[in-house]
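S.K.: If you scroll down you'll find the structure; I have some questions about it.
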Amino acid sequence: MRFLLDAEQRAFAASLDAMLSAADTPSAVRSWAAGDPAPGRALWARLADAGVFALAVPETYEGLGPLPVELALAYVGLGRHAVPGPVVESVAAAALLSALGERGESGPAKRLLPGLASGECVATLAVDGGYALDADRATVVLTVEGAALRLAPGHGPVRASVDPARRLARPADGGELLASGPQVVNAARQALTWARLTTAAQALGVGLALLDRTVAYVGQRTQFGVPVGSFQAVKHRLADARTALEFARPLLFGAALTMTPADVAAAKVMAAEAAYTTARTALQLHGAIGYTAEYDLSLWLTKARALRTAWGTPGECRARVLAEVSGARPRS
């Protein structure tokens with residue numbers, strides 16, 4: 001099956017790619033990891049101006065969506081350029097709040113969603129005692145514990161991740177209760193589906209960037225007087241990586257069309273595993289230079305590893321697909 005983007009979608013992807021290509025994202029990623037969020041926040045504002053975050057917010061709350069296909073397309077671009085920050089978590093927060101709906105003039109949806117759509121609000125989300133990504137940089141930290149949604153008053157110590165640009169922290173206990181009851185549990189499930197979709201899209205973009213950089217590198221590096229890219233073994237490794245990524249692409253956009261938890265989980269497995277396979281190939285074909293933190297390739301290598309388990313390990317996502325096929329009740 002082929003999924004063809006229309007002219008408007010292709011133009012949106014091209015304009016986003018052009019903007020990010022001119023933004024020197026590797027510098028913003030390194031600054032973010034080193035403790036200087038200013039370049040990353042400036043990039044966040046530009047993404048918001050382009051309407052990226054509004055794609056996850058309903059029109060009722062000053063958004064453009066929800067538009068899962070366009071959102072997946074945008075997040076492939078974010079992955080290609082290794083954009084830092086809780087970009088997936090903001091989408092998950094928007095999905096969670098949208099699913100809860102309005103509860104009066106001061107309800108959490110009306111209170112928070114317009115800021116998420118405009119980019120003024122940077123949100124992160126932790127579920128059932130998990131870590132919150134970039135809680136020290138977010139303006140809103142949401143926590144779901146069982147059937148309770150709270151606005152956390154802060155966060156604990158920040159710990160390192162395999163990806164230096166992904167900063168993890170436990171949200172502080174307590175905080176304002178925004179909603180409670182079975183509807184919070186159902187909304188959290190929907191948020192998980194949206195988080196997995198955008199993580200899959202981000203991973204696909206990371207894999208495509210790694211492949212492009214590796215193809216360019218082996219075309220320039222020579223051995224025995226010829227480019228190493230001309231060696232049959234190198235061609236086979238790159239072909240395997242390309243095949244994995246191209247098989248993941250239709251699953252991603254197919255899942256964006258259906259938005260069923262099983263389809264999204266399958267897309268997340270395929271995209272994340274394809275990106276991880278490509279990362280291993282890229283590292284091997286670059287040789288020793290691929291291990292150095294100073295070389296830009298490392299920004300995508302570490303992100304591919306981190307996204308592989310973000311919002312569901314491969315085992316958890318496969319279990320979700322199996323539960324759908326077998327008719328068993330899924331755990332997530």
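If you're wondering about the labels, chains in the structure tokens are A, B, ... by order shown, residues count from 1 in each chain, ligands from 1 in order shown.
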What's around A:Ala293 at 10 Å? Count only C-alpha atoms, leave out sequence neighbours fewer than 6 positions away in its own chain, and write the answer as a count of residues only.
M.R.: 3
S.K.: Find the residues around A:Gly154 up to 12 Å (only C-alpha atoms counted), leave out those fewer than 2 positions away in its own chain, and share them as a PyMOL selection string.
M.R.: chain A and resi 124+132+134-143+150-152+156-158+169-176
S.K.: Tell me which protein, DNA and RNA residues are within 7 Å of A:Gln202, counting only C-alpha atoms, leaving out same-chain ones fewer than 5 positions away, and put them as a VMD selection string.
M.R.: chain A and resid 75 to 76 78 to 79
S.K.: Keeping N, CA and C atoms for every residue in the selection just given, could you write it to a file as a CSV table (one decimal), in the first residue's frame?
M.R.:
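Just written: result-v2.csv:
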chain,number,residue,atom,x,y,z
A,75,TYR,N,6.7,15.6,12.7
A,75,TYR,CA,7.7,15.0,13.6
A,75,TYR,C,8.7,14.2,12.9
A,76,VAL,N,8.5,13.8,11.7
A,76,VAL,CA,9.6,13.2,10.9
A,76,VAL,C,10.6,14.3,10.7
A,78,LEU,N,11.1,16.9,12.6
A,78,LEU,CA,11.8,17.2,13.9
A,78,LEU,C,12.9,16.2,14.2
A,79,GLY,N,12.6,14.9,13.9
A,79,GLY,CA,13.6,13.9,14.1
A,79,GLY,C,14.8,14.0,13.1
S.K.: Based on DSSP run over this structure's backbone, return all residues of stretch 58-227 of chain A in helix (DSSP H, G or I), as a PyMOL selection string.
M.R.: chain A and resi 59-61+68-80+87-100+108-118+182-220
S.K.: From the set A:Ala148, A:Ala310, A:Val88, A:Ala275, which residue has the shortest atom-to-atom contact distance to A:Glu246, counting only C-alpha atoms?
M.R.: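 Of A:Ala148, A:Ala310, A:Val88, A:Ala275, the one nearest A:Glu246 is A:Ala275, counting only C-alpha atoms.
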S.K.: Show which residues sit within 9 Å of A:Phe12, as a PyMOL selection string. Count only C-alpha atoms, and ignore same-chain residues fewer than 6 positions away.
M.R.: chain A and resi 50+70+73-74
S.K.: For A:Pro108, find every residue with an atom within 10 Å (counting only C-alpha atoms), except residues of its own chain fewer than 6 positions away, and show them as a list in words.
M.R.: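 Counting only the stated atoms, we get Leu97, Ser98, Leu100, Gly101, Glu102, Leu149, Arg150, Leu151, Leu177, Leu178 and Ala179 of chain A.
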S.K.: Compile the contact shell of A:Val52 as a PyMOL selection string: residues with an atom at most 12 Å away, counting only C-alpha atoms, same-chain residues fewer than 5 positions apart removed.
M.R.: chain A and resi 12-13+15-16+43-47+57+63-78+87-88+90-91+116-119+198
S.K.: Please identify all polymer residues within 12 Å of A:Gly315, counting only C-alpha atoms, omitting same-chain residues fewer than 3 positions from it, and present them as a ChimeraX atom specification.
M.R.: /A:265-266,268-270,272-273,308-312,318-322,332
S.K.: Grab the atom CA of A:Ala18 to atom CA of A:Gly85 distance for me, in Å with one decimal place.
M.R.: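 Interatomic distance here is 19.7 Å.
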